[in-house]
Amino acid sequence: MILYLYYKLYLCNVLRFVNVNYEVTVDHFQRGLFNCKYYWVNLTGLVLHFESLSLSLSLSLCLSVCVCVCVCVCVCAVRLTGTKYGCGGGGCGACTVMVSRYDPQTKNINHWSVNACLLPVCQLHGAAVTTVEGIGSTKTKLHPVQERIAKAHGSQCGFCTPGMVMSMYTLLRNNPQPTMEDVTEGNLCRCTGYRPIVDGYRTFCEVNINITYIKLNFCDLLPLDPTQDLIFPPELMRLAEVKDQTTQRFCGERMTWISPGSLNELLQLKADYPQAPLVMGNTNIGCVLANQAKPNKLQWSKLHFFFCVCVGAGCSMSFLKSVLERSINDFPPESTHMFRALLQQIKLVGGQQIRNVAVSATHFSTQIFITDGRRRVPIDKDFFLGFAKTVLKPDEIVLSVFIPASRPNEIVHAFRHAPRKESALATVNAGMRVWFNENSNVVKEISIYYGGVGATILIKVKLPWEEATLSDVYSTLVDEIKLGPSAPGGKVDFRRSLTLSLFFKFNLLPGYQEFQVALYGLFIQAKSWYHSAQMGNLCSNPCVLCVQNVLEGQSAQDPVGRPMMHRTALSQATGEAVYCDDLPQTDGELFLVIVTSSRPHAKITHIDFSEALKLPGVVDVITAKDIPGKRFRTFTGYDEELLAEDEVTCVGQMVCAVVADSKAHAKRGAAAVKISYEDLQDRIFTVEAIEKESFFLPRRQIERGDVEKGLREAEQVYEGEIRIGGQEHFYLETQSFLVIPIGEEKEMKVYLSTQHPAFTQEAVAETLGIPSNRVSCHVKRLGGAFGGKVTKTAILASITAVAASKTGRPVRCVLERGEDMLITGGRHPVWGIYKVGFMKDGRITAADFQYYANAGNVVDESVLVAEKILLHLDNAYNIPNLRGRSAACKTNLPSNTAFRGFGVPQCMLVVESMIDDVALKLGRLPEEVSIREINMYKEVSLTHYKMEFDPENLVRCWNECMKKADFRQRRQGIDLFNQQNQFKKRGIAIVPIKYGIGFAEAFLNQAAALVHIYKDGSVLVSHGGTEMGQGIHTKVQQVASRELNIPTSLIHISETSTQCVPNTCPSAASFGTDANGMAVKDACQILYNRLEPIRKKNPKGTWQNWIITAFLQKISLSATGYYRGHDLDMDWEKQEGKPYAYFTYAVGCSEVELDCLTGEYRTLRTDIVVDIGRSINPSIDIGQIEGAFMQGLGLYTMEELKFSPSGVLYTRGPSQYKIPSFCDVPLKFNVYLLAGSSNPHAIYSSKGIGEPTVFLGSSVFFAIKDAVTAARKDAGLTGPFQLNSPATPERACLACATHFTQMVRDESTSGPAQPWALNI
């Protein structure tokens, strides 16, 4: 039995069994409102018995799952599925809800946004919980927050939207007139690029959004009326006034939750259960609660005890923040250094949802005192005994935290460096305090504490604050802080250099400007070393979005070319949009959990699942032997096992699956499966694949001209290389499946989240050994995909289908975030090597490229990725002698797969790095006419595979971007800035792209559609494309509206189903609208032509009249449309072909400011010009451009996949893997669609746009490199240098070659120790 103890001295959230005389009606369930002995959701009551639940259940699971328990009890139906389960660790915010409590002391009602995935249901007694369904719906009335995010085009896939809505709603409940900075508080989004979300929400700051394609004026929006918000339940107010608290116990299947009513009871329980972890905000243990059992658990919460600045140890970080903000205003400025230091750190700890529940006593290591009523314990060098170990005794309880004011002549500051500016665990943090003698620079006392570099460091000196003293401190830090190559977390040199850099920054604080600082033998006023202009924030820098006008004479009813809102944006904002895991549970449904390999290369000697089958709820274990049909899938000539049978070739390979009556039971069963291995020694992870010639064949090569001759004739030759790391898709909705056996003739219904339903249908049918006509796949929408929901999705669906077939019951499978990241793979890491010959004027005469892609353990789509890399070898440059070779390396890492861009972002980064190195070699700027422009395609040309194209619009994009970005004038300003600043540098870069649209495999370019017209005039459209946020359904709706000449309100698209449209092709390659739009157009034209006689006979009739007449005249009102697609091909033997229908062109320019001491950067401005032909929907296309750019920014500057030396993936969730957030959006973000463009090769002269602009994120990478170049120049270093991708703060800082990094590198430890992580 596992014990959980819950303690509350203040605020009535002690869980009590309250006998409530409250009539529960069906209406309450239908409205989705309930309370749980006794907490309320969305303002209505329902008694929920905890005895029937898992006590470790989080609120997010309760909202979507546990209500079903109530359905069983009360025979009612209610599901609050708007709250999404994205990561389970409080890192993405998709599960955000609002928790409200009544404070009986202040008589106030407090509202907090919280992560439901970390909030145990047992904590919620006395609380009112508001979910996205509770604030508004399309059926009743929208809340202004829901309306504005939708109308601002801030919802694409929509999976994160309810969390965004609830974050903003909670902010408005606390502050109806927020500031511009407040509205950037939100969650993670992988689709939009964040800018439209901010645009919608800053209207609450009374700012009109007036952009070319979107005008959000107050008069057009629902007003924010706080009086219309849900009231706090009076019953809970009465409950909160109850003074006496009694101990309560709640017993579950495996654990007991105890809530003591007094401090003495808590101390006694702590003594009785000394191993019980004391949980307060649950932001730490909550992350592992569902996966790891603890012997005991105590929980207690807020204690309010004030003296000066003294807060209860259980006060939340948000509460402490508000206290410190008030104290800074109340105290003299010289007394607030400590408060300011803490406040600065609080703002960077987690998101708002985390700070609302995380408690103060567990998050700071400053000079404060802890009191338990009998003693005060100073937090000093003796307080911490090791990681998570302190001098506190097991039976002691922390009651309060005392934060002293600063003394005269004392300065306190805190520093924190993290992989992302916000919501990220620190790489290194530091607390520094110096106390001077009065009117002197003599140090009375100094304390320096570091975190993230091993044991606590404390330095004390009593000397004058001058050059010699500081030099001694630097030397001490270098000597004292030693980290071996295998130190957990890696980044050894970087972390050590940060200890020096942060101390140096401490010297540059405003309080020290009267002192002369010495370094490199130079004396310069501190403020001139480290200066930064005022940058503002995303909200204070309005963006420019410029689009095309519709064609002259176009009907006002014709929606094509107009910024139409995503057709389900409002449903997504209200939580009504249905995703795969939102589908209701069916009778007898089981849950499946995958068991994966723990070895990188080994023989399977035995699988023992006997113990798993003994566990409660476990129904069966599925192995390869249970598969009735094909046990493998074949990709490009290689077989991939569905479930490993004899041998595993990576950690994370699927071996078997456990099926149980609940997810919790299935996870316990999976943990009980024991797999015995015999390790094999020939493990390959990185470049050793090249040495051992471990490749997936064929290896490709392409060449034009005579490369060897071109290199000989060049005036200069340079050889370089660059490594590009992999990237996780991080779609917010993980892989999800529901397979329902019909029970007749082996029929199966498969509900899933995939980009390619027909491929999954074929896979399931072959796996079960049945015809495809027995399997129907249904896709309503996807919560993001980016290429990651095709191959592995089909395999996972097949395994789930085997379980459903064997048990004869419906089976659901939804991967946890960590499982998804481990199993499904991501973007290929690539090593690019190049040799380039060029003339002194910058003309490139020859270039030779070699690409090695880390494919992983199975081929997946890696050979196709390697081919596409070579097809984009030239990017925008007409290099007369060009050669490229590519290879997909077979390694013992999880296999990589398709990802937005399909190898092109890696390929082009190598090409642009070559251009950059040529410029550095010549001592010029790459943007000068002599470098990029002189090598760019200028006139009708042939690619290196002999495809003719006209680059006119490429050149136009380049020229317009140079003009719109005011590039040359800004370059002069940047040069001046860099001359005036030593450790802050700015950089700017501009990059072009020529991206081929379509599939080189011609059969993948076809599409079909089915259009029905019903007697009332409404139209149902079905097509083969899947909606994953890219807006394909919205664009198809616009196409049908134009062709049938009816309003879009009459047109509906329900789902993508293999029952309606067979043999579909994947929604990928930026070709979905091109193909499916043409198919729908064809079907609509067929129907419209059938109606022509009726229209001619009754020209003034209405659409409805025409349809009724057609029905009465027996004219078919259903039609199938078909689009054959372009006849594309690529002959690799002849090295020529036409693999693409056309090219999309774009140019991006970005400017950054880099902190050379820490490697942190900020993107100040980005300008993008895109040739998109004639946009069908500018708002959707601009959203795709911005979202792709931000995904590229993540790829090239921050997202890192880390593997252990034994091939284990370290980065399995948002706490370890950082994607861009609000704080990473360029402060000024301008997007322009090229005017006057057309494209005869696609529907309505449009162009595909989903993938191309990912590469424009590299403009930030090259701007960082430009800033690093300026820093290296100050250090006396010139010429080309290697900066690998992503250009993380670590790589940027070390590349700057400051004095501090050199000190550390000179003292670096060397030895045979393995590094902490592989360099893949």
# chains A, B, ... in the order shown; residues from 1 in each chain; ligands from 1
call {"tool": "residues_around", "arguments": {"residues": "A:Ser930", "least_positions_apart": "2", "cutoff": "7 Å", "atoms": "only C-alpha atoms", "output": "list of chain:residue names"}}
result
A:Asp841, A:Gly842, A:Glu928, A:Arg932, A:Glu933, A:Ile934
call {"tool": "closest_residue", "arguments": {"among": "A:Ala689, A:Cys205, A:Leu278, A:Met1078", "to": "A:Asp182", "atoms": "only C-alpha atoms"}}
result
A:Cys205
call {"tool": "residues_around", "arguments": {"residues": "stretch 1119-1127 of chain A", "least_positions_apart": "6", "cutoff": "8 Å", "atoms": "only C-alpha atoms", "output": "PyMOL selection string"}}
result
chain A and resi 1002-1003+1005-1012+1075-1076+1078-1084+1086-1087+1141
call {"tool": "write_last_selection", "arguments": {"atoms": "N, CA, C and O atoms", "output": "PDB file, in the first residue's frame"}}
result
ATOM      1  N   ALA A1002       5.476   9.920 -59.292  1.00  0.00           N
ATOM      2  CA  ALA A1002       4.317  10.528 -59.947  1.00  0.00           C
ATOM      3  C   ALA A1002       2.987  10.040 -59.392  1.00  0.00           C
ATOM      4  O   ALA A1002       2.024  10.817 -59.283  1.00  0.00           O
ATOM      5  N   PHE A1003       2.902   8.769 -58.994  1.00  0.00           N
ATOM      6  CA  PHE A1003       1.614   8.225 -58.539  1.00  0.00           C
ATOM      7  C   PHE A1003       1.120   8.876 -57.263  1.00  0.00           C
ATOM      8  O   PHE A1003      -0.066   8.802 -56.935  1.00  0.00           O
ATOM      9  N   ASN A1005       0.943  12.008 -56.683  1.00  0.00           N
ATOM     10  CA  ASN A1005       0.384  13.332 -56.956  1.00  0.00           C
ATOM     11  C   ASN A1005      -1.091  13.301 -57.335  1.00  0.00           C
ATOM     12  O   ASN A1005      -1.683  14.341 -57.605  1.00  0.00           O
ATOM     13  N   GLN A1006      -1.704  12.122 -57.371  1.00  0.00           N
ATOM     14  CA  GLN A1006      -3.117  12.023 -57.732  1.00  0.00           C
ATOM     15  C   GLN A1006      -3.996  12.242 -56.509  1.00  0.00           C
ATOM     16  O   GLN A1006      -3.542  12.139 -55.369  1.00  0.00           O
ATOM     17  N   ALA A1007      -5.248  12.535 -56.761  1.00  0.00           N
ATOM     18  CA  ALA A1007      -6.199  12.755 -55.662  1.00  0.00           C
ATOM     19  C   ALA A1007      -7.616  12.521 -56.170  1.00  0.00           C
ATOM     20  O   ALA A1007      -7.886  12.599 -57.373  1.00  0.00           O
ATOM     21  N   ALA A1008      -8.503  12.241 -55.226  1.00  0.00           N
ATOM     22  CA  ALA A1008      -9.913  12.026 -55.558  1.00  0.00           C
ATOM     23  C   ALA A1008     -10.780  12.717 -54.523  1.00  0.00           C
ATOM     24  O   ALA A1008     -10.323  13.045 -53.422  1.00  0.00           O
ATOM     25  N   ALA A1009     -12.037  12.947 -54.889  1.00  0.00           N
ATOM     26  CA  ALA A1009     -12.973  13.598 -53.975  1.00  0.00           C
ATOM     27  C   ALA A1009     -14.381  13.105 -54.249  1.00  0.00           C
ATOM     28  O   ALA A1009     -14.680  12.614 -55.344  1.00  0.00           O
ATOM     29  N   LEU A1010     -15.216  13.231 -53.267  1.00  0.00           N
ATOM     30  CA  LEU A1010     -16.623  12.851 -53.377  1.00  0.00           C
ATOM     31  C   LEU A1010     -17.464  14.002 -52.842  1.00  0.00           C
ATOM     32  O   LEU A1010     -17.268  14.436 -51.705  1.00  0.00           O
ATOM     33  N   VAL A1011     -18.382  14.496 -53.669  1.00  0.00           N
ATOM     34  CA  VAL A1011     -19.221  15.637 -53.282  1.00  0.00           C
ATOM     35  C   VAL A1011     -20.683  15.239 -53.382  1.00  0.00           C
ATOM     36  O   VAL A1011     -21.135  14.754 -54.429  1.00  0.00           O
ATOM     37  N   HIS A1012     -21.403  15.427 -52.292  1.00  0.00           N
ATOM     38  CA  HIS A1012     -22.845  15.161 -52.252  1.00  0.00           C
ATOM     39  C   HIS A1012     -23.574  16.485 -52.089  1.00  0.00           C
ATOM     40  O   HIS A1012     -23.171  17.329 -51.279  1.00  0.00           O
ATOM     41  N   ALA A1075      -3.472  19.021 -54.958  1.00  0.00           N
ATOM     42  CA  ALA A1075      -4.077  17.800 -55.484  1.00  0.00           C
ATOM     43  C   ALA A1075      -5.549  17.682 -55.113  1.00  0.00           C
ATOM     44  O   ALA A1075      -6.412  17.515 -55.982  1.00  0.00           O
ATOM     45  N   ASN A1076      -5.846  17.767 -53.823  1.00  0.00           N
ATOM     46  CA  ASN A1076      -7.228  17.566 -53.379  1.00  0.00           C
ATOM     47  C   ASN A1076      -8.123  18.728 -53.793  1.00  0.00           C
ATOM     48  O   ASN A1076      -9.310  18.526 -54.053  1.00  0.00           O
ATOM     49  N   MET A1078      -7.891  20.328 -56.591  1.00  0.00           N
ATOM     50  CA  MET A1078      -8.244  20.078 -57.993  1.00  0.00           C
ATOM     51  C   MET A1078      -9.282  18.968 -58.112  1.00  0.00           C
ATOM     52  O   MET A1078     -10.174  19.031 -58.970  1.00  0.00           O
ATOM     53  N   ALA A1079      -9.184  17.947 -57.254  1.00  0.00           N
ATOM     54  CA  ALA A1079     -10.172  16.866 -57.290  1.00  0.00           C
ATOM     55  C   ALA A1079     -11.557  17.385 -56.902  1.00  0.00           C
ATOM     56  O   ALA A1079     -12.569  17.036 -57.534  1.00  0.00           O
ATOM     57  N   VAL A1080     -11.616  18.200 -55.866  1.00  0.00           N
ATOM     58  CA  VAL A1080     -12.891  18.781 -55.450  1.00  0.00           C
ATOM     59  C   VAL A1080     -13.422  19.714 -56.526  1.00  0.00           C
ATOM     60  O   VAL A1080     -14.633  19.731 -56.823  1.00  0.00           O
ATOM     61  N   LYS A1081     -12.541  20.481 -57.108  1.00  0.00           N
ATOM     62  CA  LYS A1081     -12.943  21.363 -58.214  1.00  0.00           C
ATOM     63  C   LYS A1081     -13.575  20.561 -59.343  1.00  0.00           C
ATOM     64  O   LYS A1081     -14.618  20.946 -59.897  1.00  0.00           O
ATOM     65  N   ASP A1082     -12.967  19.421 -59.667  1.00  0.00           N
ATOM     66  CA  ASP A1082     -13.489  18.575 -60.738  1.00  0.00           C
ATOM     67  C   ASP A1082     -14.878  18.054 -60.396  1.00  0.00           C
ATOM     68  O   ASP A1082     -15.802  18.099 -61.224  1.00  0.00           O
ATOM     69  N   ALA A1083     -15.061  17.575 -59.166  1.00  0.00           N
ATOM     70  CA  ALA A1083     -16.372  17.058 -58.764  1.00  0.00           C
ATOM     71  C   ALA A1083     -17.426  18.161 -58.784  1.00  0.00           C
ATOM     72  O   ALA A1083     -18.561  17.937 -59.235  1.00  0.00           O
ATOM     73  N   CYS A1084     -17.073  19.333 -58.297  1.00  0.00           N
ATOM     74  CA  CYS A1084     -18.037  20.448 -58.256  1.00  0.00           C
ATOM     75  C   CYS A1084     -18.407  20.915 -59.663  1.00  0.00           C
ATOM     76  O   CYS A1084     -19.576  21.259 -59.929  1.00  0.00           O
ATOM     77  N   ILE A1086     -18.485  19.040 -62.302  1.00  0.00           N
ATOM     78  CA  ILE A1086     -19.392  18.021 -62.845  1.00  0.00           C
ATOM     79  C   ILE A1086     -20.817  18.283 -62.372  1.00  0.00           C
ATOM     80  O   ILE A1086     -21.773  18.266 -63.163  1.00  0.00           O
ATOM     81  N   LEU A1087     -20.970  18.538 -61.083  1.00  0.00           N
ATOM     82  CA  LEU A1087     -22.301  18.788 -60.530  1.00  0.00           C
ATOM     83  C   LEU A1087     -22.898  20.083 -61.073  1.00  0.00           C
ATOM     84  O   LEU A1087     -24.098  20.145 -61.405  1.00  0.00           O
ATOM     85  N   ALA A1141       6.683  19.867 -59.729  1.00  0.00           N
ATOM     86  CA  ALA A1141       5.746  20.556 -60.608  1.00  0.00           C
ATOM     87  C   ALA A1141       6.155  22.009 -60.812  1.00  0.00           C
ATOM     88  O   ALA A1141       5.981  22.579 -61.901  1.00  0.00           O
TER      89      ALA A1141
END
call {"tool": "closest_residue", "arguments": {"among": "A:Val911, A:Ile997, A:Val434, A:Ala1275", "to": "A:Pro408", "atoms": "only C-alpha atoms"}}
result
A:Val434
call {"tool": "residues_around", "arguments": {"residues": "stretch 1147-1149 of chain A", "least_positions_apart": "3", "cutoff": "7 Å", "atoms": "only C-alpha atoms", "output": "list in words"}}
result
Cys957, Trp958, Cys961, Ala965, Ala989, Ile990, Val991, Pro992, Ile993, Thr1166, Asp1167, Ile1168, Val1169, Val1170, Leu1256 and Ser1259 of chain A
call {"tool": "residues_around", "arguments": {"residues": "stretch 158-162 of chain A", "least_positions_apart": "4", "cutoff": "7 Å", "atoms": "only C-alpha atoms", "output": "PDB file with all heavy atoms, in the first residue's frame"}}
result
ATOM      1  N   GLY A  82     -12.196  19.156 -23.710  1.00  0.00           N
ATOM      2  CA  GLY A  82     -11.478  20.341 -24.176  1.00  0.00           C
ATOM      3  C   GLY A  82     -10.103  20.470 -23.565  1.00  0.00           C
ATOM      4  O   GLY A  82      -9.168  20.979 -24.184  1.00  0.00           O
ATOM      5  N   THR A  83      -9.977  20.021 -22.316  1.00  0.00           N
ATOM      6  CA  THR A  83      -8.681  20.044 -21.645  1.00  0.00           C
ATOM      7  C   THR A  83      -7.826  18.924 -22.200  1.00  0.00           C
ATOM      8  O   THR A  83      -8.124  17.759 -22.001  1.00  0.00           O
ATOM      9  CB  THR A  83      -8.872  19.871 -20.128  1.00  0.00           C
ATOM     10  OG1 THR A  83      -9.755  20.887 -19.648  1.00  0.00           O
ATOM     11  CG2 THR A  83      -7.539  19.978 -19.410  1.00  0.00           C
ATOM     12  N   LYS A  84      -6.742  19.277 -22.895  1.00  0.00           N
ATOM     13  CA  LYS A  84      -5.939  18.295 -23.618  1.00  0.00           C
ATOM     14  C   LYS A  84      -4.771  17.796 -22.777  1.00  0.00           C
ATOM     15  O   LYS A  84      -4.168  18.554 -22.020  1.00  0.00           O
ATOM     16  CB  LYS A  84      -5.408  18.884 -24.920  1.00  0.00           C
ATOM     17  CG  LYS A  84      -6.493  19.421 -25.847  1.00  0.00           C
ATOM     18  CD  LYS A  84      -7.524  18.359 -26.172  1.00  0.00           C
ATOM     19  CE  LYS A  84      -8.600  18.901 -27.099  1.00  0.00           C
ATOM     20  NZ  LYS A  84      -9.732  17.976 -27.230  1.00  0.00           N
ATOM     21  N   ALA A  94      -1.150  22.505 -22.572  1.00  0.00           N
ATOM     22  CA  ALA A  94      -2.377  22.163 -23.285  1.00  0.00           C
ATOM     23  C   ALA A  94      -3.516  21.825 -22.334  1.00  0.00           C
ATOM     24  O   ALA A  94      -4.685  21.916 -22.705  1.00  0.00           O
ATOM     25  CB  ALA A  94      -2.121  20.988 -24.227  1.00  0.00           C
ATOM     26  N   VAL A 132     -12.374  24.960 -20.388  1.00  0.00           N
ATOM     27  CA  VAL A 132     -12.695  25.777 -21.553  1.00  0.00           C
ATOM     28  C   VAL A 132     -14.170  25.652 -21.928  1.00  0.00           C
ATOM     29  O   VAL A 132     -14.777  26.602 -22.445  1.00  0.00           O
ATOM     30  CB  VAL A 132     -11.779  25.384 -22.741  1.00  0.00           C
ATOM     31  CG1 VAL A 132     -12.127  23.990 -23.257  1.00  0.00           C
ATOM     32  CG2 VAL A 132     -11.830  26.417 -23.844  1.00  0.00           C
ATOM     33  N   MET A 166      -7.583  29.294 -21.787  1.00  0.00           N
ATOM     34  CA  MET A 166      -7.747  29.316 -20.336  1.00  0.00           C
ATOM     35  C   MET A 166      -6.656  30.128 -19.648  1.00  0.00           C
ATOM     36  O   MET A 166      -6.892  30.733 -18.593  1.00  0.00           O
ATOM     37  CB  MET A 166      -7.769  27.884 -19.791  1.00  0.00           C
ATOM     38  CG  MET A 166      -9.009  27.097 -20.195  1.00  0.00           C
ATOM     39  SD  MET A 166     -10.561  27.992 -19.923  1.00  0.00           S
ATOM     40  CE  MET A 166     -10.506  28.255 -18.152  1.00  0.00           C
ATOM     41  N   CYS A 189       3.075  26.160 -28.523  1.00  0.00           N
ATOM     42  CA  CYS A 189       2.338  25.929 -29.764  1.00  0.00           C
ATOM     43  C   CYS A 189       3.354  25.537 -30.822  1.00  0.00           C
ATOM     44  O   CYS A 189       4.394  26.179 -30.938  1.00  0.00           O
ATOM     45  CB  CYS A 189       1.574  27.185 -30.188  1.00  0.00           C
ATOM     46  SG  CYS A 189       0.765  27.021 -31.801  1.00  0.00           S
ATOM     47  N   GLN A 572     -12.390  24.780 -32.003  1.00  0.00           N
ATOM     48  CA  GLN A 572     -11.121  24.500 -31.351  1.00  0.00           C
ATOM     49  C   GLN A 572     -10.929  25.401 -30.131  1.00  0.00           C
ATOM     50  O   GLN A 572     -10.393  24.978 -29.109  1.00  0.00           O
ATOM     51  CB  GLN A 572      -9.975  24.680 -32.348  1.00  0.00           C
ATOM     52  CG  GLN A 572      -9.968  23.599 -33.422  1.00  0.00           C
ATOM     53  CD  GLN A 572      -9.105  23.903 -34.628  1.00  0.00           C
ATOM     54  OE1 GLN A 572      -9.144  23.194 -35.617  1.00  0.00           O
ATOM     55  NE2 GLN A 572      -8.332  24.964 -34.566  1.00  0.00           N
ATOM     56  N   ALA A 573     -11.390  26.644 -30.228  1.00  0.00           N
ATOM     57  CA  ALA A 573     -11.238  27.582 -29.118  1.00  0.00           C
ATOM     58  C   ALA A 573     -12.185  27.281 -27.969  1.00  0.00           C
ATOM     59  O   ALA A 573     -11.922  27.677 -26.826  1.00  0.00           O
ATOM     60  CB  ALA A 573     -11.456  29.009 -29.611  1.00  0.00           C
ATOM     61  N   THR A 574     -13.268  26.592 -28.245  1.00  0.00           N
ATOM     62  CA  THR A 574     -14.228  26.259 -27.186  1.00  0.00           C
ATOM     63  C   THR A 574     -14.033  24.852 -26.635  1.00  0.00           C
ATOM     64  O   THR A 574     -14.736  24.455 -25.706  1.00  0.00           O
ATOM     65  CB  THR A 574     -15.670  26.381 -27.713  1.00  0.00           C
ATOM     66  OG1 THR A 574     -15.843  25.477 -28.812  1.00  0.00           O
ATOM     67  CG2 THR A 574     -15.972  27.801 -28.161  1.00  0.00           C
ATOM     68  N   GLY A 575     -13.118  24.090 -27.219  1.00  0.00           N
ATOM     69  CA  GLY A 575     -12.896  22.719 -26.769  1.00  0.00           C
ATOM     70  C   GLY A 575     -13.869  21.721 -27.355  1.00  0.00           C
ATOM     71  O   GLY A 575     -13.860  20.547 -26.975  1.00  0.00           O
ATOM     72  N   LEU A 732       1.632  18.429 -30.739  1.00  0.00           N
ATOM     73  CA  LEU A 732       1.041  18.474 -29.401  1.00  0.00           C
ATOM     74  C   LEU A 732       0.184  17.241 -29.105  1.00  0.00           C
ATOM     75  O   LEU A 732       0.123  16.777 -27.982  1.00  0.00           O
ATOM     76  CB  LEU A 732       0.213  19.748 -29.232  1.00  0.00           C
ATOM     77  CG  LEU A 732       0.928  20.949 -28.615  1.00  0.00           C
ATOM     78  CD1 LEU A 732       1.267  20.696 -27.169  1.00  0.00           C
ATOM     79  CD2 LEU A 732       2.205  21.302 -29.377  1.00  0.00           C
ATOM     80  N   GLU A 733      -0.471  16.697 -30.120  1.00  0.00           N
ATOM     81  CA  GLU A 733      -1.251  15.472 -29.944  1.00  0.00           C
ATOM     82  C   GLU A 733      -0.350  14.289 -30.271  1.00  0.00           C
ATOM     83  O   GLU A 733       0.122  14.153 -31.401  1.00  0.00           O
ATOM     84  CB  GLU A 733      -2.467  15.460 -30.878  1.00  0.00           C
ATOM     85  CG  GLU A 733      -3.283  14.179 -30.780  1.00  0.00           C
ATOM     86  CD  GLU A 733      -4.148  13.933 -32.016  1.00  0.00           C
ATOM     87  OE1 GLU A 733      -3.747  14.355 -33.121  1.00  0.00           O
ATOM     88  OE2 GLU A 733      -5.203  13.298 -31.880  1.00  0.00           O
ATOM     89  N   GLY A 783      -3.789  16.750 -34.258  1.00  0.00           N
ATOM     90  CA  GLY A 783      -3.205  17.808 -33.441  1.00  0.00           C
ATOM     91  C   GLY A 783      -1.749  18.024 -33.789  1.00  0.00           C
ATOM     92  O   GLY A 783      -0.871  17.949 -32.939  1.00  0.00           O
TER      93      GLY A 783
END
call {"tool": "closest_residue", "arguments": {"among": "A:Ile722, A:Leu1157, A:Val865, A:Ala763", "to": "A:Gly901", "atoms": "only C-alpha atoms"}}
result
A:Val865
call {"tool": "atom_distance", "arguments": {"atom1": "atom CA of A:Arg1090", "atom2": "atom CA of A:Ile1108"}}
result
13.2 Å
call {"tool": "residues_around", "arguments": {"residues": "A:Met839", "least_positions_apart": "6", "cutoff": "7 Å", "atoms": "only C-alpha atoms", "output": "list in words"}}
result
Ala714, Glu715 and Gln716 of chain A
call {"tool": "closest_atom_pairs", "arguments": {"of": "stretch 1191-1273 of chain A", "to": "stretch 343-353 of chain A", "cutoff": "12 Å", "atoms": "only C-alpha atoms", "output": "Markdown table"}}
result
| residue | atom | partner | partner_atom | distance |
| --- | --- | --- | --- | --- |
| A:Pro1214 | CA | A:Gly350 | CA | 11.2 |
| A:Ser1215 | CA | A:Gly350 | CA | 9.7 |
| A:Ser1221 | CA | A:Gly351 | CA | 10.6 |
| A:Phe1222 | CA | A:Gly351 | CA | 11.0 |
| A:Cys1223 | CA | A:Leu348 | CA | 10.9 |
call {"tool": "write_last_selection", "arguments": {"atoms": "N, CA, C and O atoms", "output": "PDB file, in the first residue's frame"}}
result
ATOM      1  N   PRO A1214       9.028  17.968 -22.667  1.00  0.00           N
ATOM      2  CA  PRO A1214       9.295  19.409 -22.724  1.00  0.00           C
ATOM      3  C   PRO A1214      10.246  19.911 -21.652  1.00  0.00           C
ATOM      4  O   PRO A1214      10.781  21.008 -21.785  1.00  0.00           O
ATOM      5  N   SER A1215      10.469  19.136 -20.589  1.00  0.00           N
ATOM      6  CA  SER A1215      11.414  19.594 -19.577  1.00  0.00           C
ATOM      7  C   SER A1215      12.854  19.438 -20.056  1.00  0.00           C
ATOM      8  O   SER A1215      13.734  20.180 -19.624  1.00  0.00           O
ATOM      9  N   SER A1221       9.154  29.205 -27.815  1.00  0.00           N
ATOM     10  CA  SER A1221       7.988  29.673 -27.075  1.00  0.00           C
ATOM     11  C   SER A1221       7.717  31.133 -27.442  1.00  0.00           C
ATOM     12  O   SER A1221       8.358  31.691 -28.345  1.00  0.00           O
ATOM     13  N   PHE A1222       6.785  31.757 -26.745  1.00  0.00           N
ATOM     14  CA  PHE A1222       6.481  33.163 -27.002  1.00  0.00           C
ATOM     15  C   PHE A1222       7.735  34.026 -26.952  1.00  0.00           C
ATOM     16  O   PHE A1222       7.888  34.957 -27.735  1.00  0.00           O
ATOM     17  N   CYS A1223       8.626  33.707 -26.017  1.00  0.00           N
ATOM     18  CA  CYS A1223       9.801  34.536 -25.807  1.00  0.00           C
ATOM     19  C   CYS A1223      10.803  34.456 -26.950  1.00  0.00           C
ATOM     20  O   CYS A1223      11.757  35.233 -26.995  1.00  0.00           O
TER      21      CYS A1223
END
